[in-house]
Amino acid sequence: MAKTLHQPLGGNQMPRFGGPATMMRLPAKPNPKGLDACFIGVPFDIGTSNRAGTRHGPRQIRAESCLIRPYNMATRAAPFDSLSVADVGDVAINTYSIAKSMTIIERAYDRVLKANCVPLTMGGDHTIVLPILRAMRKKHGPLGLVHVDAHADINDTMFGERIAHGTPFRRCVEEGLLDGKRCVQIGLRATGYAADDFDWSRQLGFRVVQAEECWHRSLAPLMADVREQVKGGPVYLSFDIDGLDPSCAPGTGTPEIAGLTLPQGIEVIRGCRGLNLVGCDLVEVSPPYDPSGNTALVAANLLYEMLCVLPGVAYRA
Ligand code: MN
Ligand code: MN
């Protein structure tokens, strides 16, 4: 059966500010069957530790995505010419229960992965990466990881809770979801509870690239090394918007100063081209702290850049 390619609704067919808000004005297709990749929202913020609001992230990212056009003018990627892509909507989390939401999210991703559809997730706080990777592990085995964040998210507990937005990668390691030698964390910085806070991941074989190592330079050479480190198996890209500097992404719950620039964030994503990317997320956008919509605009464009580096994307000459 020939697959159906979907194009984003053009700006001359319906004004960009009109119509239902789907990611990039793609068709809404609740069933992932037949899709190569999908945008999927997880409107979850009950794992946050400081400012809340990421429950509104998916809807605002969709709204701000309305200006994105199909072709990537820098890389010449033409994702909609070779991949069947649509917006499958939001996961119906239980906003009163983290535990129940973990199960609901995992089941939703089981369904997407069973359809051989690569999920591009709009968060939601970073807690959601745990059930996503639980589903990924069942399909793909232990995953390599490219993780952009101001924080390592490897706390053991927060307020005694094992599942929260600052603990997911410790749980992922404990549960065998990750291949430690093929994991890298980029952009970590600011203040910690102890001076050796980031060393737990280093001891597991993760490469940890603190923000200061990124200042004032292109990250293209770093990403050449990262590709060498994480290739050879499935890779998941998890991008916490607070990895970027608050000057370009202020609308988030736990902002830290002196982060990555926007061009550096794009370099990290474009640097993942050629890897066996099996899923990506963009988390921690908090629209109540984003009055201009700029953080959601950044998030929408970074999700588009992620789509452009998935395996099987066509590139024009
Ligand atoms: Mn995070
Ligand atoms: Mn963070």
# chains A, B, ... in the order shown; residues from 1 in each chain; ligands from 1
call {"tool": "residues_near_ligand", "arguments": {"ligand": "ligand 1", "cutoff": "6 Å", "atoms": "only C-alpha atoms and all ligand atoms", "output": "ChimeraX atom specification"}}
result
/A:126,149,151,153,240
call {"tool": "write_last_selection", "arguments": {"atoms": "N, CA, C and O atoms", "output": "PDB file, in the first residue's frame"}}
result
ATOM      1  N   HIS A 126       9.795  17.333  32.274  1.00  0.00           N
ATOM      2  CA  HIS A 126      10.731  16.283  31.874  1.00  0.00           C
ATOM      3  C   HIS A 126      10.433  14.913  32.478  1.00  0.00           C
ATOM      4  O   HIS A 126      11.008  13.910  32.044  1.00  0.00           O
ATOM      5  N   ASP A 149      20.131  20.120  28.339  1.00  0.00           N
ATOM      6  CA  ASP A 149      19.448  20.535  29.573  1.00  0.00           C
ATOM      7  C   ASP A 149      20.411  21.403  30.383  1.00  0.00           C
ATOM      8  O   ASP A 149      21.633  21.253  30.284  1.00  0.00           O
ATOM      9  N   HIS A 151      20.131  21.008  33.512  1.00  0.00           N
ATOM     10  CA  HIS A 151      20.164  20.126  34.680  1.00  0.00           C
ATOM     11  C   HIS A 151      20.416  18.688  34.249  1.00  0.00           C
ATOM     12  O   HIS A 151      20.027  18.294  33.148  1.00  0.00           O
ATOM     13  N   ASP A 153      19.107  16.054  35.775  1.00  0.00           N
ATOM     14  CA  ASP A 153      17.881  15.278  36.012  1.00  0.00           C
ATOM     15  C   ASP A 153      18.174  13.863  36.476  1.00  0.00           C
ATOM     16  O   ASP A 153      17.531  12.891  36.050  1.00  0.00           O
ATOM     17  N   ASP A 240      15.501  19.637  26.745  1.00  0.00           N
ATOM     18  CA  ASP A 240      14.841  20.490  27.737  1.00  0.00           C
ATOM     19  C   ASP A 240      15.118  21.930  27.329  1.00  0.00           C
ATOM     20  O   ASP A 240      16.282  22.336  27.199  1.00  0.00           O
TER      21      ASP A 240
END
call {"tool": "select_by_dssp", "arguments": {"residues": "stretch 193-289 of chain A", "states": "strand (DSSP E)", "output": "PyMOL selection string"}}
result
chain A and resi 207-210+234-240+276-283
call {"tool": "residues_near_ligand", "arguments": {"ligand": "ligand 2", "cutoff": "10 Å", "atoms": "only C-alpha atoms and all ligand atoms", "output": "JSON, numbers by chain"}}
result
{"A": [125, 126, 148, 149, 150, 151, 152, 153, 165, 166, 187, 188, 189, 239, 240, 241, 242, 243, 244, 252, 253, 254, 255, 256, 283, 284]}
call {"tool": "atom_distance", "arguments": {"atom1": "atom CA of A:Gly10", "atom2": "atom CA of A:Phe80"}}
result
12.8 Å
call {"tool": "closest_residue", "arguments": {"among": "A:Ser201, A:Gln13, A:Ser238, A:Ser247", "to": "A:Met306", "atoms": "only C-alpha atoms"}}
result
A:Ser238
call {"tool": "atom_distance", "arguments": {"atom1": "atom CA of A:Pro79", "atom2": "atom CA of A:Cys38"}}
result
11.8 Å
call {"tool": "residues_around", "arguments": {"residues": "stretch 114-124 of chain A", "least_positions_apart": "3", "cutoff": "6 Å", "atoms": "only C-alpha atoms", "output": "tab-separated table (two decimals) with all heavy atoms, in the first residue's frame"}}
result
chain	number	residue	atom	x	y	z
A	33	LYS	N	-1.27	4.76	12.79
A	33	LYS	CA	-1.07	3.74	11.76
A	33	LYS	C	-0.84	4.40	10.40
A	33	LYS	O	-1.58	5.29	10.01
A	33	LYS	CB	-2.29	2.82	11.69
A	33	LYS	CG	-1.92	1.38	11.55
A	33	LYS	CD	-3.08	0.45	11.83
A	33	LYS	CE	-2.73	-0.89	11.24
A	33	LYS	NZ	-3.71	-1.42	10.34
A	35	LEU	N	1.65	6.27	9.57
A	35	LEU	CA	2.54	7.44	9.66
A	35	LEU	C	3.98	6.98	9.90
A	35	LEU	O	4.22	6.01	10.63
A	35	LEU	CB	2.11	8.35	10.82
A	35	LEU	CG	0.69	8.93	10.77
A	35	LEU	CD1	0.42	9.74	12.03
A	35	LEU	CD2	0.50	9.79	9.52
A	36	ASP	N	4.94	7.68	9.29
A	36	ASP	CA	6.36	7.43	9.58
A	36	ASP	C	6.79	8.15	10.85
A	36	ASP	O	7.69	7.71	11.56
A	36	ASP	CB	7.23	7.92	8.43
A	36	ASP	CG	6.95	7.16	7.14
A	36	ASP	OD1	6.99	5.92	7.16
A	36	ASP	OD2	6.67	7.83	6.12
A	37	ALA	N	6.21	9.32	11.08
A	37	ALA	CA	6.55	10.13	12.26
A	37	ALA	C	5.31	10.91	12.66
A	37	ALA	O	4.43	11.16	11.83
A	37	ALA	CB	7.70	11.09	11.95
A	38	CYS	N	5.24	11.26	13.94
A	38	CYS	CA	4.10	12.05	14.39
A	38	CYS	C	4.53	13.06	15.43
A	38	CYS	O	5.52	12.87	16.14
A	38	CYS	CB	3.01	11.15	14.99
A	38	CYS	SG	3.46	10.37	16.55
A	39	PHE	N	3.81	14.16	15.50
A	39	PHE	CA	3.92	15.06	16.64
A	39	PHE	C	2.87	14.64	17.65
A	39	PHE	O	1.72	14.36	17.28
A	39	PHE	CB	3.71	16.51	16.19
A	39	PHE	CG	4.83	17.01	15.31
A	39	PHE	CD1	4.67	17.12	13.93
A	39	PHE	CD2	6.05	17.37	15.86
A	39	PHE	CE1	5.70	17.57	13.11
A	39	PHE	CE2	7.09	17.82	15.06
A	39	PHE	CZ	6.92	17.93	13.68
A	40	ILE	N	3.26	14.59	18.92
A	40	ILE	CA	2.36	14.13	19.98
A	40	ILE	C	2.59	14.98	21.22
A	40	ILE	O	3.74	15.26	21.59
A	40	ILE	CB	2.58	12.61	20.25
A	40	ILE	CG1	1.69	12.11	21.39
A	40	ILE	CG2	4.04	12.27	20.51
A	40	ILE	CD1	1.67	10.58	21.54
A	41	GLY	N	1.52	15.42	21.84
A	41	GLY	CA	1.62	16.28	23.02
A	41	GLY	C	1.39	15.51	24.30
A	41	GLY	O	0.60	14.58	24.35
A	42	VAL	N	2.13	15.92	25.35
A	42	VAL	CA	1.90	15.36	26.69
A	42	VAL	C	1.74	16.55	27.64
A	42	VAL	O	2.72	17.10	28.14
A	42	VAL	CB	3.05	14.44	27.13
A	42	VAL	CG1	2.68	13.77	28.46
A	42	VAL	CG2	3.36	13.38	26.08
A	43	PRO	N	0.49	16.96	27.89
A	43	PRO	CA	0.23	18.19	28.67
A	43	PRO	C	0.31	17.94	30.17
A	43	PRO	O	-0.69	17.93	30.87
A	43	PRO	CB	-1.18	18.57	28.23
A	43	PRO	CG	-1.84	17.26	27.91
A	43	PRO	CD	-0.74	16.35	27.38
A	44	PHE	N	1.53	17.78	30.64
A	44	PHE	CA	1.79	17.27	31.99
A	44	PHE	C	2.70	18.25	32.74
A	44	PHE	O	3.76	18.62	32.21
A	44	PHE	CB	2.48	15.91	31.83
A	44	PHE	CG	2.88	15.21	33.10
A	44	PHE	CD1	2.06	14.22	33.64
A	44	PHE	CD2	4.07	15.49	33.74
A	44	PHE	CE1	2.43	13.54	34.79
A	44	PHE	CE2	4.45	14.82	34.89
A	44	PHE	CZ	3.63	13.85	35.42
A	45	ASP	N	2.30	18.69	33.94
A	45	ASP	CA	3.22	19.53	34.72
A	45	ASP	C	3.21	19.23	36.20
A	45	ASP	O	3.69	20.04	37.00
A	45	ASP	CB	2.98	21.02	34.46
A	45	ASP	CG	1.62	21.51	34.95
A	45	ASP	OD1	0.87	20.72	35.54
A	45	ASP	OD2	1.32	22.71	34.72
A	54	THR	N	3.74	23.78	32.39
A	54	THR	CA	4.07	23.06	31.16
A	54	THR	C	2.88	22.26	30.64
A	54	THR	O	2.93	21.77	29.51
A	54	THR	CB	5.28	22.13	31.33
A	54	THR	OG1	5.00	21.20	32.38
A	54	THR	CG2	6.52	22.91	31.68
A	55	ARG	N	1.80	22.15	31.44
A	55	ARG	CA	0.60	21.49	30.90
A	55	ARG	C	0.07	22.24	29.68
A	55	ARG	O	-0.62	21.67	28.85
A	55	ARG	CB	-0.49	21.39	31.97
A	55	ARG	CG	-1.05	22.72	32.41
A	55	ARG	CD	-2.13	22.57	33.47
A	55	ARG	NE	-1.61	21.91	34.68
A	55	ARG	CZ	-2.37	21.55	35.71
A	55	ARG	NH1	-3.67	21.74	35.68
A	55	ARG	NH2	-1.83	20.98	36.77
A	57	GLY	N	2.03	23.60	27.46
A	57	GLY	CA	3.07	23.62	26.43
A	57	GLY	C	2.62	23.14	25.06
A	57	GLY	O	2.81	23.84	24.06
A	58	PRO	N	2.04	21.93	24.96
A	58	PRO	CA	1.71	21.43	23.62
A	58	PRO	C	0.80	22.37	22.83
A	58	PRO	O	1.03	22.62	21.64
A	58	PRO	CB	1.01	20.09	23.90
A	58	PRO	CG	1.57	19.65	25.22
A	58	PRO	CD	1.77	20.92	26.01
A	110	ASP	N	3.45	2.98	23.49
A	110	ASP	CA	3.42	1.60	22.96
A	110	ASP	C	2.64	1.57	21.64
A	110	ASP	O	3.06	0.94	20.67
A	110	ASP	CB	2.71	0.67	23.95
A	110	ASP	CG	3.56	0.31	25.17
A	110	ASP	OD1	4.79	0.50	25.11
A	110	ASP	OD2	2.98	-0.15	26.18
A	111	ARG	N	1.52	2.27	21.65
A	111	ARG	CA	0.64	2.28	20.47
A	111	ARG	C	1.33	2.97	19.29
A	111	ARG	O	1.28	2.48	18.15
A	111	ARG	CB	-0.65	2.99	20.85
A	111	ARG	CG	-1.69	3.09	19.77
A	111	ARG	CD	-3.04	3.48	20.37
A	111	ARG	NE	-4.03	3.76	19.35
A	111	ARG	CZ	-4.29	4.99	18.89
A	111	ARG	NH1	-3.64	6.03	19.37
A	111	ARG	NH2	-5.20	5.16	17.95
A	278	VAL	N	15.29	7.35	17.05
A	278	VAL	CA	14.02	6.61	17.16
A	278	VAL	C	12.94	7.43	17.88
A	278	VAL	O	11.80	6.98	18.01
A	278	VAL	CB	14.23	5.26	17.87
A	278	VAL	CG1	15.07	4.34	17.00
A	278	VAL	CG2	14.86	5.44	19.25
A	279	GLY	N	13.31	8.62	18.35
A	279	GLY	CA	12.33	9.49	18.99
A	279	GLY	C	13.01	10.74	19.50
A	279	GLY	O	14.23	10.75	19.72
A	280	CYS	N	12.23	11.81	19.65
A	280	CYS	CA	12.76	13.09	20.12
A	280	CYS	C	11.69	13.75	20.98
A	280	CYS	O	10.49	13.53	20.77
A	280	CYS	CB	13.05	14.04	18.95
A	280	CYS	SG	14.06	13.39	17.63
A	281	ASP	N	12.14	14.58	21.92
A	281	ASP	CA	11.18	15.40	22.64
A	281	ASP	C	11.72	16.80	22.85
A	281	ASP	O	12.92	17.03	22.78
A	281	ASP	CB	10.78	14.77	23.99
A	281	ASP	CG	11.93	14.72	25.01
A	281	ASP	OD1	12.55	15.75	25.27
A	281	ASP	OD2	12.17	13.62	25.55
A	282	LEU	N	10.78	17.71	23.07
A	282	LEU	CA	11.09	19.09	23.44
A	282	LEU	C	10.21	19.38	24.66
A	282	LEU	O	8.98	19.46	24.52
A	282	LEU	CB	10.79	20.03	22.27
A	282	LEU	CG	11.29	21.47	22.32
A	282	LEU	CD1	10.73	22.25	23.51
A	282	LEU	CD2	12.81	21.52	22.37
A	283	VAL	N	10.83	19.51	25.83
A	283	VAL	CA	10.06	19.59	27.06
A	283	VAL	C	10.31	20.91	27.81
A	283	VAL	O	11.25	21.64	27.50
A	283	VAL	CB	10.40	18.39	27.99
A	283	VAL	CG1	9.99	17.07	27.34
A	283	VAL	CG2	11.87	18.38	28.37
A	284	GLU	N	9.44	21.14	28.80
A	284	GLU	CA	9.59	22.20	29.79
A	284	GLU	C	9.24	23.61	29.30
A	284	GLU	O	9.61	24.60	29.92
A	284	GLU	CB	11.00	22.19	30.43
A	284	GLU	CG	11.33	20.91	31.21
A	284	GLU	CD	10.67	20.81	32.59
A	284	GLU	OE1	10.01	21.79	33.00
A	284	GLU	OE2	10.82	19.75	33.22
call {"tool": "atom_distance", "arguments": {"atom1": "atom CA of A:Thr167", "atom2": "atom CA of A:Gly47"}}
result
9.6 Å
call {"tool": "residues_around", "arguments": {"residues": "A:Val226", "least_positions_apart": "4", "cutoff": "8 Å", "atoms": "only C-alpha atoms", "output": "PyMOL selection string"}}
result
chain A and resi 184+222+230
call {"tool": "closest_residue", "arguments": {"among": "A:Pro32, A:Asp245, A:Ala299, A:Leu130", "to": "A:Val285", "atoms": "only C-alpha atoms"}}
result
A:Ala299
